[in-house]
Every structure is written in C-alpha cells, then in structure tokens.
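What follows is a set of notes on a single structure, which appears directly below.
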There are 2 protein chains.
Amino acid sequence: MPYDATVRLDATLDPRDGWSAEPCSIAASLAVVSTRSAFLILREAFYGATRFDEFVRRVGIGEPAAAARLRELVQHGLLEREPYREAGQRTRQRYRLTAKGADLFPALVALMQWGDRWREDAGGPVALVHDGCGAPAAVRLRCEAGHDVEPADLVLTPTAAGESLLRSRSEHPTGGGR
Amino acid sequence: MPYDATVRLDATLDPRDGWSAEPCSIAASLAVVSTRSAFLILREAFYGATRFDEFVRRVGIGEPAAAARLRELVQHGLLEREPYREAGQRTRQRYRLTAKGADLFPALVALMQWGDRWREDAGGPVALVHDGCGAPAAVRLRCEAGHDVEPADLVLTPTAAGESLLRSRSEHPTGGGR
DNA sequence: GTGCTGACTAACGTCATCCGAAGTCAGGTA
DNA sequence: TACCTGACTTCGGATGACGTTAGTCAGCAC
C-alpha cells in the first residue's frame, strides 16, 4: 500500500494545469549546475580544492571539461577567481567558493545522504561529522518554527513574486518548457 | 574577504591526493538522476502528477524524453508503475513515488531554496509551508545532537565501508606525484 | 466494425557533454 | 637564452539528451 509522499497544493494553485512551473527555482538552479561535472567540481571545492589541476585530477575529468565548468561556475557567481602566488612561482589563479556557491552545500549533502542510504553497494565511503560534538550531520526538512516535517505535512503556496508570474501565465495556457 | 566554506578533512584523509572520491555517494546519486528532466519529473511527482501525459505537459518535455526518464526512474526504483482504471476507461499505468524516490525530496527542496535565494529575477513563484503551523519550510544542516551546523563546523571522515574502499585505492595511487 | 484517446515507440536531426591529444602562453629557473 | 610547468585552448570524434513529427496499440463508445 503506497503511502502519500506528495505535497498538497494551495487552493489558488489547485487546477494544476492552470499554471506552469516554468519559472520554478529548481529549474533555475539546474540551469546553473546542470551537469554531473559541475556538481563534482563543487564537491571538490567543499573538500578544499582550489587549483585547476586539483579539480582535473580529483574529479577525474578532462581539462577541457574542467575549464568549461569552472568558467561557467565563475560566470554564475558560485566560484571566484583569485590571483595568488607561491614563493618562487609566478602569479596563478585559484578558485574559491563564494557565499552563493557555499550556499549550495545543503543540496550536495542531500544528494550524498540519499546516495549513502539507497545505493546498492556498501554505502558511502565518507561521512560528515560535527566537529564540536562528534555526531553525524545531515540535512533535515524543518519549518521555521522548528518542527521536523515530511512532504505530506507541506502545502505549496504562491509567493508574492509568484502571484503575478502565475497569473500572467494562466492567461495564455499551455506552459512552454525550455 | 573570503571566508572559509570548506569542510575539514579527517587526518586519515588528509593527503587528499592519496584517495579517490570515485565511490562518492554524490556521484552515485547523479548516476540515477543526472539530467534536468529527471529532476523536473520528480518535482512534478511531488506536486502530485502520476500520469504520463501529466508529466509531459507539466514538465514541458517531449514524449520520448518523458518515456525514457520515467523508464529509468522506475528501473532505479524511484517511481513504480501501478495499473489503475477509471470508470469507463481501460486499465492504464500510473507512476508513484516509492520510499526511495520520496527520500530525494530534501535534495529537491535544497535546490529550490537555493534558486529562491540566489536567482537574479524576482525569486521563486512558490514556497513550501508547514500545514500545521503556517511557517515556511526549508532544509537545514544539523547534526544528530540537534546543532545547526555550517560547512566549517564539519569534518569529513571515512566510514566503516569507506575504510576498506579507500585503503585499497591508496595502494596503487593514481597520478599522485605526476 | 470505426473512431477516439491515452500511452507510448520510432526515426531523425541538433546541441551539449565529454575524452584524448596536441598546442599555446606566461613567467620563473638553470 | 632555453627549458619547464601550471593553466589553459583548440580540434576531432563519440555519446547522450532533447525536440519534432509520425506512427502504434489497446480497449471503450458508438
């Protein structure tokens, strides 16, 4: 007997065919980090990689792919290039996470956590532990009042920004897509 | 002035070039939902879509893409096909989230949340609200002892499963010194 | 039977992604 | 000056993700 894992829709959203999810923030995020290599480059950035050849070696991708992905991530403001120089070396560039890039960390952790839980082989090779207390860390879904919530406890409602977007869309139906 | 958004590495992981992140659970997860359309199909599943043409219409993708993605998601156990029949209609298939698929919800929410926060235009059209108390819901990074944590509060450590994986890798180092 | 509809599959072309190999470029070292 | 190295770029080619258009197939309504 399947349980309900879906979210409820607010009354104003209810005829689901009346609005398009095209300006959806999930899609917007995927426009920035659409590819596997972008995710893995961010993973290595969180693990402390900063230099071009570190990304190439540790992610296990080719230099052209790394260059393309790094350029995109810089353009989108997730990483920033910063000149640096080691003793006896010329000035080079390194890549560091911006606040915007760092803020994607929960998404990465959520993917890691899901992989740990559901992959068929042994489980994940590494885990994140809170340095202060030694307890494992994870992402949890909570409301701002502090309750742990499940999908079924949630309602999807339009935001102030969404009100106008959604209304203007429903006037000429058949949501477009890409 | 850049702050530190990186995670610390456990002593046994410290020469970062000594181990490969290849069996990484992030990469394992991306092997299952690598594409934009897979994410968006899951989004619609959480919004309550179950039928083939709902996914096609609401995600805004072509039928072949929808069929391919749905087949993969069923193969990987995130969705399951279930026959159903409406009055005066013949038996059809519908797609429902399994526990494994439902467990990806935090990752979707994390992406949505990041998009809401950082996208350049207005912000997200919709938000998730806790039905019980009316407060907005979000994913947060916490340890099991209940502390909210930031990347800089975390240490990456090998798991029991990882110990052997990582050790066997470090015996024949791949491109260590070059 | 014929038509209709929802759920697909097949064929085709395009664009993105990625690898490998090779080339470029800047600036420090010998 | 010639060489070396890290950080790229360029080129060729394979694979995969999609869109569009055009079918197929099952079964209810007529």
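Simple scheme: letters A, B, ... for chains in structure tokens order, numbers from 1 for residues in each chain, numbers from 1 for ligands in the order shown.
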Can you list, as a compact mmCIF listing (two decimals) with N, CA and C atoms (P, O5', C5', C4', C3', O3' and C1' of nucleotides), in the first residue's frame, every protein, DNA or RNA residue that comes within 9 Å of range 14-20 of chain C when you count only C-alpha atoms (C1' of nucleotides), leaving out same-chain residues fewer than 3 positions away?
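Saved result, out_19.txt, follows:
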```
# COMPACT_ATOMS: atom_id res chain seq x y z
N THR A 35 25.07 19.89 -14.87
CA THR A 35 25.81 18.69 -15.24
C THR A 35 26.46 18.01 -14.04
N ILE A 61 38.06 14.36 -14.51
CA ILE A 61 37.55 14.78 -15.80
C ILE A 61 38.69 15.36 -16.63
N GLY A 62 38.46 15.58 -17.88
CA GLY A 62 39.47 16.14 -18.76
C GLY A 62 39.62 17.63 -18.54
N PRO A 64 39.54 20.12 -20.74
CA PRO A 64 38.54 20.97 -21.39
C PRO A 64 37.24 21.03 -20.60
N ALA A 65 36.82 19.90 -20.09
CA ALA A 65 35.58 19.89 -19.31
C ALA A 65 35.75 20.72 -18.04
P DA D 14 33.96 8.64 -33.98
O5' DA D 14 33.25 8.33 -32.59
C5' DA D 14 33.99 7.78 -31.52
C4' DA D 14 33.23 7.98 -30.22
C3' DA D 14 31.79 7.43 -30.27
O3' DA D 14 31.59 6.53 -29.18
C1' DA D 14 31.83 9.70 -29.52
P DT D 15 30.29 5.59 -29.15
O5' DT D 15 29.40 6.19 -27.97
C5' DT D 15 30.02 6.72 -26.80
C4' DT D 15 29.08 7.72 -26.15
C3' DT D 15 27.61 7.28 -26.16
O3' DT D 15 27.20 7.11 -24.80
C1' DT D 15 27.86 9.57 -26.73
P DG D 16 25.73 6.52 -24.47
O5' DG D 16 24.97 7.82 -23.95
C5' DG D 16 25.67 8.81 -23.21
C4' DG D 16 24.83 10.05 -23.10
C3' DG D 16 23.33 9.77 -22.99
O3' DG D 16 22.81 10.70 -22.06
C1' DG D 16 23.71 11.18 -24.83
P DA D 17 21.36 10.53 -21.45
O5' DA D 17 20.75 11.95 -21.78
C5' DA D 17 21.47 13.12 -21.43
C4' DA D 17 20.79 14.33 -22.01
C3' DA D 17 19.27 14.30 -21.84
O3' DA D 17 18.83 15.62 -21.55
C1' DA D 17 19.81 14.44 -24.13
P DC D 18 17.44 15.83 -20.81
O5' DC D 18 16.42 16.34 -21.88
C5' DC D 18 16.47 15.87 -23.19
C4' DC D 18 16.20 17.01 -24.13
C3' DC D 18 14.73 17.01 -24.53
O3' DC D 18 14.15 18.31 -24.45
C1' DC D 18 16.19 16.57 -26.41
P DG D 19 12.56 18.40 -24.77
O5' DG D 19 12.57 18.77 -26.33
C5' DG D 19 13.17 19.99 -26.77
C4' DG D 19 12.81 20.23 -28.22
C3' DG D 19 11.31 20.07 -28.49
O3' DG D 19 10.85 21.09 -29.38
C1' DG D 19 12.55 18.45 -29.76
```
Contacts of DT24 in chain D at 12 Å (only C-alpha atoms (C1' of nucleotides); same-chain gap of 4+ positions) as a list in words: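 Close residues of DT24 in chain D: DA7, DC8, DT9 and DA10 of chain C.
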Next, write the just-selected residues to a file, as a short mmCIF file (atom, residue, chain, number, x, y, z; two decimals), in the first residue's frame, keeping C-alpha atoms (C1' of nucleotides) as the atom set.
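File written: again30.cif
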```
data_model
loop_
_atom_site.label_atom_id
_atom_site.label_comp_id
_atom_site.auth_asym_id
_atom_site.auth_seq_id
_atom_site.Cartn_x
_atom_site.Cartn_y
_atom_site.Cartn_z
"C1'" DA C 7 0.24 5.91 -23.55
"C1'" DC C 8 3.57 5.11 -25.55
"C1'" DT C 9 7.65 3.87 -29.67
"C1'" DA C 10 10.42 5.01 -33.95
#
```
Atomic separation - CA of Glu80 in chain A relative to CA of Pro15 in chain B, Å: 24.5 Å
Do a neighbour search on range 26-29 of chain C at 12 Å with only C-alpha atoms (C1' of nucleotides), toss out local chain neighbours closer than 2 positions, and write the hits as an mmCIF file with C-alpha atoms (C1' of nucleotides), in the first residue's frame.
```
data_model
loop_
_atom_site.group_PDB
_atom_site.id
_atom_site.type_symbol
_atom_site.label_atom_id
_atom_site.label_comp_id
_atom_site.auth_asym_id
_atom_site.auth_seq_id
_atom_site.Cartn_x
_atom_site.Cartn_y
_atom_site.Cartn_z
ATOM 1 C CA ARG A 85 51.453 33.438 -5.766
ATOM 2 C CA GLU A 86 53.592 30.893 -4.048
ATOM 3 C CA ALA A 87 57.251 31.519 -3.316
ATOM 4 C CA GLY A 88 59.319 31.091 -6.450
ATOM 5 C CA GLN A 89 56.248 30.758 -8.611
ATOM 6 C CA ARG A 90 54.527 33.179 -10.810
ATOM 7 C CA THR A 91 51.080 34.512 -10.095
ATOM 8 C CA ARG A 92 48.344 31.972 -10.700
ATOM 9 C "C1'" DT C 24 49.519 27.954 -26.575
ATOM 10 C "C1'" DT D 1 68.817 32.026 -23.675
ATOM 11 C "C1'" DA D 2 66.404 27.671 -23.390
ATOM 12 C "C1'" DC D 3 63.586 24.987 -20.651
ATOM 13 C "C1'" DC D 4 59.840 23.820 -17.573
ATOM 14 C "C1'" DT D 5 55.306 23.953 -15.532
ATOM 15 C "C1'" DG D 6 50.626 25.152 -14.487
ATOM 16 C "C1'" DA D 7 46.764 26.743 -16.733
ATOM 17 C "C1'" DC D 8 44.572 26.777 -20.051
#
```
Neighbour list for Asp53 in chain A as a list in words, cut-off 10 Å, only C-alpha atoms (C1' of nucleotides), skip fewer than 4 positions in-chain: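 Near neighbours after the sequence-gap exclusion: Ala49, Arg57, Arg58, Val59, Gly62, Glu63, Ala66 and Ala67 of chain A; DG6 and DA7 of chain D.
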Closest atom pairs, range 16-59 of chain A residues within 7 Å of range 104-125 of chain B, only C-alpha atoms, as CSV:
```
residue,atom,partner,partner_atom,distance
A:Pro23,CA,B:Pro125,CA,6.7
A:Cys24,CA,B:Gly124,CA,6.2
A:Ser25,CA,B:Gly115,CA,4.6
A:Ile26,CA,B:Met112,CA,4.4
A:Ala28,CA,B:Gly115,CA,6.0
A:Ser29,CA,B:Gly115,CA,5.1
```
Would you output that residue set with N, CA and C atoms, as an mmCIF file, in the first residue's frame?
```cif
data_model
loop_
_atom_site.group_PDB
_atom_site.id
_atom_site.type_symbol
_atom_site.label_atom_id
_atom_site.label_comp_id
_atom_site.auth_asym_id
_atom_site.auth_seq_id
_atom_site.Cartn_x
_atom_site.Cartn_y
_atom_site.Cartn_z
ATOM 1 N N PRO A 23 8.852 29.083 -14.270
ATOM 2 C CA PRO A 23 9.799 29.920 -13.542
ATOM 3 C C PRO A 23 10.261 29.270 -12.241
ATOM 4 N N CYS A 24 10.075 27.976 -12.125
ATOM 5 C CA CYS A 24 10.436 27.189 -10.946
ATOM 6 C C CYS A 24 11.899 27.366 -10.580
ATOM 7 N N SER A 25 12.128 27.490 -9.294
ATOM 8 C CA SER A 25 13.502 27.699 -8.834
ATOM 9 C C SER A 25 14.359 26.451 -8.946
ATOM 10 N N ILE A 26 13.735 25.303 -8.978
ATOM 11 C CA ILE A 26 14.518 24.088 -9.190
ATOM 12 C C ILE A 26 15.112 24.125 -10.584
ATOM 13 N N ALA A 28 15.602 26.764 -12.329
ATOM 14 C CA ALA A 28 16.587 27.845 -12.368
ATOM 15 C C ALA A 28 17.928 27.382 -11.814
ATOM 16 N N SER A 29 17.885 26.602 -10.745
ATOM 17 C CA SER A 29 19.120 26.086 -10.180
ATOM 18 C C SER A 29 19.798 25.131 -11.142
#
```
Selection near Ala102 in chain B, 9 Å with only C-alpha atoms (C1' of nucleotides), sequence-local residues under 4 positions removed, as number ranges by chain: A: 5-6, 151; B: 42, 46, 78-79, 97-98, 106
With C-alpha atoms retained, write the just-selected residues as a short mmCIF file (atom, residue, chain, number, x, y, z; two decimals), in the first residue's frame.
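Wrote result.cif, looks like this:
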```
data_model
loop_
_atom_site.label_atom_id
_atom_site.label_comp_id
_atom_site.auth_asym_id
_atom_site.auth_seq_id
_atom_site.Cartn_x
_atom_site.Cartn_y
_atom_site.Cartn_z
CA ALA A 5 4.72 11.37 -0.45
CA THR A 6 3.20 14.30 -2.28
CA PRO A 151 6.36 16.11 2.35
CA LEU B 42 10.45 14.19 -9.72
CA PHE B 46 5.96 15.60 -5.58
CA LEU B 78 12.36 5.89 -7.52
CA LEU B 79 8.96 5.51 -9.14
CA LEU B 97 6.93 7.74 -5.79
CA THR B 98 8.47 4.89 -3.85
CA PRO B 106 15.20 17.17 0.62
#
```
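Cα RMSD between chain B and chain A, computed after least-squares fitting of the latter onto the former across all residues in order: 2.2 Å.
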Interatomic distance (Å, one decimal) between C1' of DG13 in chain D and CA of Glu72 in chain B: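 These atoms are spaced 27.2 Å apart.
Taking the backbone of this structure through DSSP, the residues of range 67-158 of chain B that come out as strand (DSSP E) are Leu79, Glu80, Arg81, Glu82, Pro83, Tyr84, Arg92, Gln93, Arg94, Tyr95, Arg96, Leu97, Val126, Ala127, Leu128, Val129, His130, Ala137, Ala138, Val139, Arg140, Leu141, Arg142, Cys143, Leu154, Val155, Leu156, Thr157 and Pro158 of chain B.
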Can you tell me, as a PDB file with N, CA and C atoms, in the first residue's frame, what residues are no more than 12 Å from Ala145 in chain A when counting only C-alpha atoms (C1' of nucleotides), ignoring any on the same chain fewer than 5 positions away?
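So selection-v7.pdb came out as:
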```pdb
ATOM      1  N   VAL B 129       5.080  25.505   2.790  1.00  0.00           N
ATOM      2  CA  VAL B 129       4.664  25.975   4.104  1.00  0.00           C
ATOM      3  C   VAL B 129       4.199  24.779   4.932  1.00  0.00           C
ATOM      4  N   HIS B 130       4.584  24.770   6.173  1.00  0.00           N
ATOM      5  CA  HIS B 130       4.153  23.703   7.077  1.00  0.00           C
ATOM      6  C   HIS B 130       2.669  23.855   7.365  1.00  0.00           C
ATOM      7  N   ASP B 131       1.920  22.839   6.998  1.00  0.00           N
ATOM      8  CA  ASP B 131       0.473  22.929   7.100  1.00  0.00           C
ATOM      9  C   ASP B 131       0.032  23.091   8.548  1.00  0.00           C
ATOM     10  N   GLY B 132       0.767  22.499   9.455  1.00  0.00           N
ATOM     11  CA  GLY B 132       0.382  22.575  10.857  1.00  0.00           C
ATOM     12  C   GLY B 132       0.474  23.974  11.435  1.00  0.00           C
ATOM     13  N   CYS B 133       1.588  24.653  11.162  1.00  0.00           N
ATOM     14  CA  CYS B 133       1.797  25.918  11.869  1.00  0.00           C
ATOM     15  C   CYS B 133       1.945  27.121  10.951  1.00  0.00           C
ATOM     16  N   GLY B 134       1.938  26.908   9.656  1.00  0.00           N
ATOM     17  CA  GLY B 134       1.985  28.033   8.733  1.00  0.00           C
ATOM     18  C   GLY B 134       3.356  28.619   8.500  1.00  0.00           C
ATOM     19  N   ALA B 135       4.385  28.077   9.129  1.00  0.00           N
ATOM     20  CA  ALA B 135       5.735  28.600   8.934  1.00  0.00           C
ATOM     21  C   ALA B 135       6.350  28.005   7.676  1.00  0.00           C
ATOM     22  N   PRO B 136       7.160  28.789   6.963  1.00  0.00           N
ATOM     23  CA  PRO B 136       7.830  28.254   5.770  1.00  0.00           C
ATOM     24  C   PRO B 136       8.788  27.122   6.148  1.00  0.00           C
ATOM     25  N   ALA B 137       8.903  26.168   5.239  1.00  0.00           N
ATOM     26  CA  ALA B 137       9.784  25.024   5.479  1.00  0.00           C
ATOM     27  C   ALA B 137      11.051  25.159   4.652  1.00  0.00           C
ATOM     28  N   ALA B 138      12.135  24.601   5.142  1.00  0.00           N
ATOM     29  CA  ALA B 138      13.409  24.665   4.450  1.00  0.00           C
ATOM     30  C   ALA B 138      14.284  23.509   4.903  1.00  0.00           C
TER      31      ALA B 138
END
```
Which of range 38-171 of chain B fall in alpha helix (DSSP H), as a PyMOL selection string: chain B and resi 38-46+52-59+63-75+99-102+105-118+160-171
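Minimum atom-to-atom distances from B:Asp153, B:Asp4, B:Glu163, B:Glu144 to Trp19 in chain B were compared using only C-alpha atoms, and the lowest value belongs to B:Glu163.
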Surrounding residues of Leu13 in chain B excluding itself and chain neighbours under 2 positions, 12 Å, only C-alpha atoms (C1' of nucleotides), as a ChimeraX atom specification: /A:47,125-127 /B:7-11,15-21,155-159,162-163,166-167,170
